[in-house]
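Participant: Handing over my_file.cif, mmCIF, C-alpha atoms.
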data_model
#
loop_
_atom_site.label_atom_id
_atom_site.label_comp_id
_atom_site.auth_asym_id
_atom_site.auth_seq_id
_atom_site.Cartn_x
_atom_site.Cartn_y
_atom_site.Cartn_z
CA MET A 1 -87.42 -141.26 -79.89
CA LYS A 2 -86.58 -140.91 -76.21
CA ARG A 3 -89.71 -140.45 -74.13
CA VAL A 4 -90.51 -140.29 -70.44
CA LEU A 5 -93.63 -142.06 -69.22
CA ALA A 6 -96.66 -139.98 -70.22
CA LEU A 7 -98.98 -138.93 -67.41
CA LEU A 8 -102.73 -139.03 -67.69
CA ALA A 9 -103.76 -136.83 -70.60
CA VAL A 10 -106.27 -134.98 -68.49
CA LEU A 11 -103.41 -133.34 -66.58
CA ALA A 12 -102.58 -131.18 -69.56
CA ALA A 13 -105.37 -128.87 -68.42
CA ALA A 14 -104.31 -128.73 -64.76
CA CYS A 15 -103.12 -125.15 -64.34
CA GLY A 16 -104.53 -124.75 -60.82
CA ALA A 17 -106.74 -122.13 -59.23
CA ALA A 18 -106.76 -120.64 -55.78
CA PRO A 19 -109.37 -121.98 -53.34
CA THR A 20 -112.39 -119.72 -53.05
CA THR A 21 -114.87 -121.06 -50.49
CA THR A 22 -115.10 -121.03 -46.70
CA THR A 23 -112.37 -122.27 -44.38
CA GLY A 24 -112.33 -125.65 -42.66
CA ALA A 25 -113.03 -129.22 -43.68
CA GLY A 26 -115.66 -128.31 -46.27
CA ARG A 27 -113.57 -125.76 -48.15
CA ASN A 28 -112.60 -126.30 -51.77
CA LEU A 29 -109.10 -127.78 -51.79
CA GLU A 30 -108.33 -127.05 -55.44
CA GLY A 31 -105.23 -125.01 -56.23
CA ASN A 32 -101.45 -125.05 -56.62
CA TRP A 33 -99.78 -126.24 -53.41
CA GLU A 34 -96.20 -126.78 -52.17
CA LEU A 35 -95.29 -129.18 -49.36
CA ILE A 36 -93.90 -127.33 -46.33
CA GLU A 37 -94.30 -129.84 -43.44
CA SER A 38 -94.69 -133.61 -43.29
CA ASP A 39 -94.86 -136.66 -41.10
CA VAL A 40 -95.00 -140.10 -42.71
CA ALA A 41 -94.99 -142.87 -40.10
CA GLY A 42 -93.15 -140.61 -37.66
CA VAL A 43 -90.51 -139.43 -40.15
CA ALA A 44 -90.38 -136.12 -42.05
CA VAL A 45 -90.01 -136.23 -45.80
CA PRO A 46 -86.35 -135.29 -46.49
CA GLU A 47 -85.66 -131.73 -47.64
CA GLY A 48 -83.14 -130.60 -50.22
CA ASP A 49 -82.62 -128.53 -53.35
CA PHE A 50 -85.94 -129.62 -54.80
CA ARG A 51 -89.66 -128.97 -54.44
CA ILE A 52 -92.71 -131.13 -53.88
CA THR A 53 -95.85 -129.66 -55.40
CA LEU A 54 -99.48 -130.72 -55.68
CA LEU A 55 -101.97 -129.39 -58.22
CA LEU A 56 -105.64 -130.19 -57.62
CA GLU A 57 -108.30 -129.30 -60.17
CA ASP A 58 -111.47 -130.92 -61.51
CA GLY A 59 -110.71 -134.34 -60.03
CA THR A 60 -107.11 -134.47 -61.29
CA ALA A 61 -103.99 -134.34 -59.14
CA GLY A 62 -100.40 -133.82 -60.26
CA GLY A 63 -97.17 -131.96 -59.74
CA VAL A 64 -93.49 -132.60 -59.09
CA ALA A 65 -92.48 -135.03 -56.35
CA ALA A 66 -88.89 -133.90 -55.63
CA CYS A 67 -87.61 -135.57 -58.82
CA ASN A 68 -90.32 -136.80 -61.17
CA SER A 69 -93.61 -135.42 -62.43
CA TYR A 70 -96.63 -137.40 -61.25
CA GLY A 71 -100.34 -137.41 -61.89
CA GLY A 72 -103.62 -139.20 -61.27
CA SER A 73 -107.09 -138.60 -59.91
CA PHE A 74 -108.69 -137.64 -56.61
CA THR A 75 -112.13 -137.37 -55.05
CA ALA A 76 -113.04 -135.02 -52.19
CA ASP A 77 -116.23 -134.30 -50.27
CA ASP A 78 -116.86 -132.47 -47.00
CA GLY A 79 -113.40 -133.06 -45.52
CA PHE A 80 -112.86 -136.55 -46.92
CA VAL A 81 -110.35 -137.11 -49.75
CA GLN A 82 -108.97 -140.09 -51.64
CA PHE A 83 -106.19 -140.19 -54.23
CA GLY A 84 -106.09 -142.78 -57.01
CA LEU A 85 -103.06 -144.62 -58.36
CA MET A 86 -100.42 -142.15 -59.54
CA SER A 87 -98.42 -142.35 -62.78
CA GLN A 88 -94.99 -140.73 -62.84
CA THR A 89 -92.06 -140.00 -65.11
CA GLU A 90 -88.94 -142.14 -64.85
CA MET A 91 -85.97 -139.84 -64.23
CA ALA A 92 -83.32 -140.82 -61.69
CA CYS A 93 -82.17 -138.12 -59.24
CA ALA A 94 -79.53 -137.94 -56.55
CA GLU A 95 -80.46 -138.55 -52.92
CA PRO A 96 -82.26 -137.39 -50.91
CA ALA A 97 -84.66 -136.54 -53.75
CA MET A 98 -85.53 -140.15 -54.56
CA THR A 99 -86.25 -140.99 -50.92
CA ALA A 100 -88.34 -137.82 -50.55
CA GLU A 101 -90.32 -138.72 -53.66
CA GLN A 102 -91.05 -142.26 -52.46
CA MET A 103 -92.09 -141.09 -48.99
CA PHE A 104 -94.31 -138.33 -50.32
CA LEU A 105 -96.16 -140.52 -52.81
CA ARG A 106 -96.58 -143.23 -50.18
CA GLY A 107 -97.98 -140.68 -47.76
CA LEU A 108 -100.28 -139.17 -50.38
CA SER A 109 -101.81 -142.57 -51.10
CA ALA A 110 -102.59 -143.02 -47.38
CA VAL A 111 -104.41 -139.75 -46.65
CA ASP A 112 -108.19 -139.71 -46.24
CA MET A 113 -109.02 -136.33 -44.66
CA TYR A 114 -108.34 -132.69 -45.53
CA THR A 115 -108.75 -129.20 -44.12
CA VAL A 116 -108.08 -125.84 -45.76
CA ASP A 117 -107.42 -122.78 -43.61
CA ASP A 118 -106.45 -119.52 -45.31
CA ASP A 119 -103.41 -120.42 -47.46
CA ARG A 120 -102.74 -123.87 -45.94
CA LEU A 121 -103.93 -127.33 -47.01
CA THR A 122 -103.54 -130.18 -44.52
CA LEU A 123 -103.94 -133.81 -45.62
CA THR A 124 -104.10 -136.46 -42.93
CA GLY A 125 -104.43 -140.21 -42.66
CA SER A 126 -103.24 -143.10 -40.53
CA ASP A 127 -99.69 -142.06 -39.48
CA VAL A 128 -99.56 -139.37 -42.18
CA THR A 129 -99.72 -135.56 -42.09
CA LEU A 130 -98.87 -133.47 -45.16
CA ILE A 131 -99.11 -129.68 -44.92
CA PHE A 132 -98.98 -127.47 -48.02
CA ALA A 133 -98.81 -123.72 -48.70
CA ILE A 134 -100.67 -122.15 -51.62
CA ILE A 135 -98.61 -121.04 -54.64
CA PRO A 136 -100.12 -118.20 -56.69
CA PRO A 137 -100.42 -119.12 -60.40
CA ILE A 138 -97.83 -117.60 -62.74
CA ASP A 139 -98.70 -115.35 -65.66
CA THR A 140 -97.96 -117.56 -68.66
CA ALA A 141 -99.72 -115.41 -71.28
CA PRO A 142 -96.53 -113.73 -72.63
CA LEU A 143 -94.88 -117.15 -72.98
CA PHE A 144 -97.43 -118.98 -75.09
CA ASP A 145 -97.98 -119.12 -78.85
CA GLN A 146 -94.71 -117.33 -79.64
CA ARG A 147 -91.73 -118.69 -81.59
CA TRP A 148 -88.65 -118.21 -79.40
CA VAL A 149 -85.25 -118.32 -81.15
CA LEU A 150 -82.34 -119.80 -79.17
CA GLU A 151 -79.53 -117.29 -78.53
CA SER A 152 -77.41 -118.54 -75.60
CA LEU A 153 -76.72 -121.45 -73.25
CA LEU A 154 -76.42 -120.70 -69.53
CA GLN A 155 -74.50 -122.71 -66.94
CA GLY A 156 -74.05 -120.95 -63.65
CA ASP A 157 -72.47 -117.59 -64.51
CA ALA A 158 -71.17 -118.81 -67.88
CA VAL A 159 -72.89 -117.78 -71.13
CA SER A 160 -72.15 -119.69 -74.36
CA SER A 161 -73.09 -118.90 -77.93
CA VAL A 162 -75.10 -121.37 -79.99
CA GLN A 163 -74.99 -122.98 -83.41
CA GLY A 164 -77.79 -123.85 -85.79
CA ASP A 165 -81.39 -122.70 -85.73
CA GLY A 166 -82.64 -123.66 -82.28
CA PHE A 167 -86.10 -122.53 -81.26
CA LEU A 168 -89.00 -123.32 -78.91
CA VAL A 169 -92.78 -122.94 -79.11
CA LEU A 170 -95.13 -123.51 -76.16
CA THR A 171 -98.85 -123.33 -76.86
CA GLU A 172 -101.69 -122.45 -74.50
CA ASP A 173 -103.17 -125.94 -74.88
CA GLY A 174 -100.00 -127.61 -73.51
CA ALA A 175 -98.06 -128.59 -76.64
CA LEU A 176 -94.29 -128.14 -76.93
CA SER A 177 -92.22 -128.12 -80.12
CA GLY A 178 -88.86 -126.83 -81.26
CA SER A 179 -85.30 -127.65 -82.22
CA THR A 180 -82.04 -127.99 -80.30
CA GLY A 181 -80.30 -126.55 -83.34
CA CYS A 182 -79.62 -129.97 -84.86
CA ARG A 183 -82.74 -132.08 -84.20
CA ASN A 184 -86.41 -131.53 -83.55
CA VAL A 185 -88.14 -131.94 -80.18
CA ASP A 186 -91.80 -132.22 -79.21
CA GLY A 187 -93.86 -132.97 -76.15
CA ILE A 188 -96.71 -132.13 -73.80
CA PHE A 189 -96.43 -130.02 -70.66
CA ILE A 190 -98.37 -128.82 -67.64
CA VAL A 191 -97.98 -125.68 -65.56
CA ALA A 192 -97.06 -127.12 -62.15
CA ALA A 193 -97.19 -124.26 -59.64
CA ASP A 194 -94.60 -121.78 -61.00
CA GLU A 195 -92.79 -124.29 -63.22
CA ILE A 196 -93.32 -125.68 -66.71
CA VAL A 197 -93.14 -129.48 -66.48
CA PRO A 198 -93.11 -131.74 -69.57
CA THR A 199 -95.19 -134.86 -69.03
CA GLU A 200 -94.11 -136.22 -72.41
CA PHE A 201 -90.95 -135.23 -74.26
CA GLY A 202 -88.90 -136.59 -77.14
CA ALA A 203 -86.22 -135.78 -79.71
CA GLU A 204 -85.80 -137.28 -83.19
CA GLY A 205 -82.57 -138.11 -85.01
CA ASN A 206 -78.90 -137.52 -84.27
CA CYS A 207 -76.58 -134.52 -84.11
CA PRO A 208 -73.03 -134.04 -85.50
CA PRO A 209 -70.28 -134.21 -82.86
CA GLU A 210 -69.79 -130.43 -82.75
CA MET A 211 -73.48 -129.98 -81.82
CA GLU A 212 -73.84 -132.74 -79.23
CA GLN A 213 -73.05 -130.55 -76.21
CA GLN A 214 -75.61 -127.91 -77.21
CA ASP A 215 -78.19 -130.60 -77.94
CA SER A 216 -77.63 -132.25 -74.55
CA HIS A 217 -77.81 -128.92 -72.71
CA PHE A 218 -81.08 -127.94 -74.42
CA ILE A 219 -82.71 -131.27 -73.62
CA THR A 220 -81.47 -131.27 -70.00
CA VAL A 221 -83.08 -127.88 -69.33
CA ILE A 222 -86.40 -128.73 -70.96
CA GLU A 223 -86.90 -132.37 -70.01
CA GLY A 224 -86.79 -132.09 -66.23
CA GLY A 225 -88.98 -129.00 -65.87
CA PHE A 226 -88.02 -125.34 -65.75
CA THR A 227 -88.97 -121.84 -64.67
CA ALA A 228 -89.63 -119.23 -67.34
CA LEU A 229 -88.99 -115.48 -67.23
CA VAL A 230 -90.17 -113.18 -70.03
CA GLU A 231 -88.62 -109.70 -70.13
CA GLU A 232 -89.77 -107.66 -73.14
CA ASP A 233 -88.68 -109.76 -76.17
CA ARG A 234 -86.36 -112.08 -74.20
CA LEU A 235 -87.16 -115.45 -72.59
CA THR A 236 -84.94 -117.17 -70.02
CA LEU A 237 -85.52 -120.78 -68.98
CA MET A 238 -83.75 -122.24 -65.92
CA ASP A 239 -83.74 -125.77 -64.52
CA PRO A 240 -83.26 -126.58 -60.80
CA ASP A 241 -79.52 -127.28 -61.34
CA GLY A 242 -78.72 -123.81 -62.65
CA ASN A 243 -78.64 -124.69 -66.34
CA GLY A 244 -80.51 -122.36 -68.65
CA LEU A 245 -81.45 -121.26 -72.14
CA GLN A 246 -81.93 -117.73 -73.46
CA PHE A 247 -84.24 -116.95 -76.37
CA ARG A 248 -85.51 -113.88 -78.23
CA ALA A 249 -88.96 -113.48 -79.72
CA ASP A 250 -89.09 -114.14 -83.44
CA GLY A 251 -90.97 -111.18 -84.83
#
Translate this file's structure into structure tokens.
Facilitator:
Amino acid sequence: MKRVLALLAVLAAACGAAPTTTTGAGRNLEGNWELIESDVAGVAVPEGDFRITLLLEDGTAGGVAACNSYGGSFTADDGFVQFGLMSQTEMACAEPAMTAEQMFLRGLSAVDMYTVDDDRLTLTGSDVTLIFAIIPPIDTAPLFDQRWVLESLLQGDAVSSVQGDGFLVLTEDGALSGSTGCRNVDGIFIVAADEIVPTEFGAEGNCPPEMEQQDSHFITVIEGGFTALVEEDRLTLMDPDGNGLQFRADG
């Protein structure tokens, strides 16, 4: 079974909530955040076709760092903050995503102060400033606890038919299961800002040659994290590279 490195199990509950208390150094910093400005030792974290997110809730921190999912712990009190050692998944991505990831995680480990003003979170430390914007939580209720039957593969503007009995189930408690049409998959996921991000994912067995392309496409979309759109009885999943899967509700 192919598996990425599992993050701390406590992250499975990290769905994020908007901050609710007063502004300034003493404000609650919990929520879903996206990096918008940075300075790490005088250099900005590179930008590209990727996102850097930070979820903070109940002493756990996690998100997507340009390429990989990451997670760990944090403590915060009256403007002071400290992040623990972060675990992360082990995907390789094209530059500048890998450099951005390394710089961001290095900067995050060096911060020791925070302020929250309106919809902005600022983390600072010696030679580090990371500024984030709040991301409203997505409505995942229509997505969960439903068996979704695979109908089409998407790649850019191209739509391809599928073979076999592919399906996907995502549960409210963060479990993932399904089939590519020729082999079963399972895993654990978190809701990272407006994306679904597997923190553990695997597939069992092998597929016949005529099913290998579909199997690879399915796994590519799911494994790296995806956005989800539910429209009536249809579900569309898209990854950051423009690959997607279309499903219909089963019953």
Participant: So which residues touch Ile36 of chain A within 9 Å, counting all atoms listed in the file, skipping near sequence neighbours fewer than 2 positions away, as a PDB file with C-alpha atoms, in the frame of the given file?
Facilitator:
ATOM      1  CA  GLU A  34     -96.200-126.780 -52.170  1.00  0.00           C
ATOM      2  CA  SER A  38     -94.690-133.610 -43.290  1.00  0.00           C
ATOM      3  CA  ILE A  52     -92.710-131.130 -53.880  1.00  0.00           C
ATOM      4  CA  LEU A 130     -98.870-133.470 -45.160  1.00  0.00           C
ATOM      5  CA  ILE A 131     -99.110-129.680 -44.920  1.00  0.00           C
ATOM      6  CA  PHE A 132     -98.980-127.470 -48.020  1.00  0.00           C
ATOM      7  CA  ALA A 133     -98.810-123.720 -48.700  1.00  0.00           C
TER       8      ALA A 133
END
Participant: Could you jot down the atom CA of Ala100 of chain A to atom CA of Met86 of chain A separation for me, Å, one decimal place?
Facilitator: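 According to the coordinates, atom CA of Ala100 of chain A and atom CA of Met86 of chain A are separated by 15.7 Å.
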Participant: What do you get, as a PyMOL selection string, if you spell out every residue that the PyMOL selection byres ((chain A and resi 129) around 10) selects here?
Facilitator: chain A and resi 37-42+44+107-108+110-111+113-114+122-128+130-131
Participant: Find the spatial neighbours of segment 167-171 of chain A, counting only C-alpha atoms, within a cut-off of 9 Å - ignore same-chain residues fewer than 3 positions away - and output them as a PyMOL selection string.
Facilitator: chain A and resi 143-151+174-181+185+189+247
Participant: Name the residues in contact with segment 70-77 of chain A at a cut-off of 8 Å, using only C-alpha atoms, excluding same-chain residues fewer than 2 positions from it; report them as an MDAnalysis selection string.
Facilitator: chainID A and resid 7:8 11 26 59:65 68 79:89
Participant: Now that the selection is made, can you save its residues with C-alpha atoms as a CSV table (one decimal), keeping the file's coordinate frame?
Facilitator:
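Now in out.csv:
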chain,number,residue,atom,x,y,z
A,7,LEU,CA,-99.0,-138.9,-67.4
A,8,LEU,CA,-102.7,-139.0,-67.7
A,11,LEU,CA,-103.4,-133.3,-66.6
A,26,GLY,CA,-115.7,-128.3,-46.3
A,59,GLY,CA,-110.7,-134.3,-60.0
A,60,THR,CA,-107.1,-134.5,-61.3
A,61,ALA,CA,-104.0,-134.3,-59.1
A,62,GLY,CA,-100.4,-133.8,-60.3
A,63,GLY,CA,-97.2,-132.0,-59.7
A,64,VAL,CA,-93.5,-132.6,-59.1
A,65,ALA,CA,-92.5,-135.0,-56.4
A,68,ASN,CA,-90.3,-136.8,-61.2
A,79,GLY,CA,-113.4,-133.1,-45.5
A,80,PHE,CA,-112.9,-136.6,-46.9
A,81,VAL,CA,-110.4,-137.1,-49.8
A,82,GLN,CA,-109.0,-140.1,-51.6
A,83,PHE,CA,-106.2,-140.2,-54.2
A,84,GLY,CA,-106.1,-142.8,-57.0
A,85,LEU,CA,-103.1,-144.6,-58.4
A,86,MET,CA,-100.4,-142.2,-59.5
A,87,SER,CA,-98.4,-142.4,-62.8
A,88,GLN,CA,-95.0,-140.7,-62.8
A,89,THR,CA,-92.1,-140.0,-65.1
Participant: So which residues get picked by the PyMOL selection byres ((chain A and resi 203) around 9) here, written as a PyMOL selection string?
Facilitator: chain A and resi 1-3+179-180+183-187+201-202+204-206+219
Participant: Considering only C-alpha atoms, state which residue in the set A:Leu153, A:Gly251, A:Gln213, A:Thr140 is at the smallest distance from Ala228 of chain A.
Facilitator: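 Closest residue, counting only C-alpha atoms: A:Thr140.
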Participant: Please measure the separation of atom CA of Phe226 of chain A and atom CA of Ile188 of chain A, giving the value in Å to one decimal.
Facilitator: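 These two atoms are separated by 13.7 Å.
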Participant: If I take atom CA of Gln246 of chain A and atom CA of Ser152 of chain A, how far is one from the other in Å, to one decimal?
Facilitator: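 Computing the Euclidean distance for atom CA of Gln246 of chain A and atom CA of Ser152 of chain A yields 5.1 Å.
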Participant: Choose the residue, out of A:Asn243, A:Thr53, A:Ser161, A:Asn28, that has the smallest atom-to-atom separation from Thr115 of chain A; count all atoms listed in the file.
Facilitator: A:Asn28
Participant: Any idea what's packed within 12 Å of Asp241 of chain A, counting all atoms listed in the file, ignoring anything in its chain fewer than 4 positions away? Could you give it as an MDAnalysis selection string?
Facilitator: chainID A and resid 49:50 67 93:94 154:156 217 220:222 224:227 237
Participant: Taking into account all atoms listed in the file, which residue in the set A:Glu90, A:Asp165, A:Asp139, A:Glu172 is nearest to Val230 of chain A?
Facilitator: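 Among A:Glu90, A:Asp165, A:Asp139, A:Glu172, it is A:Asp139 that comes nearest to Val230 of chain A.
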Participant: Build an axis-aligned box that encloses every atom of segment 132-144 of chain A listed in the file, pad it by 5 Å on each side, and report its centre and edge lengths in Å to one decimal, as lines of an AutoDock Vina configuration file.
Facilitator:
center_x = -97.8
center_y = -120.6
center_z = -61.6
size_x = 15.8
size_y = 23.7
size_z = 37.1
Participant: Which residue is closest to Asp173 of chain A? Choose from A:Asp157, A:Ala141, A:Gln214, A:Asp239 and count only C-alpha atoms.
Facilitator: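 Ranking A:Asp157, A:Ala141, A:Gln214, A:Asp239 by distance to Asp173 of chain A, first place goes to A:Ala141.
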Participant: I need the residue nearest Glu101 of chain A from this list: A:Glu47, A:Glu200, A:Asp194, A:Asp58. Use only C-alpha atoms for the distance.
Facilitator: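 So, comparing all the options, the nearest one is A:Glu47.
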Participant: Looking at A:Val43, A:Ala66, A:Leu35, A:Val159, which one is nearest to Met98 of chain A, with distances taken over only C-alpha atoms?
Facilitator: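 Among the listed residues, the smallest separation from Met98 of chain A belongs to A:Ala66.
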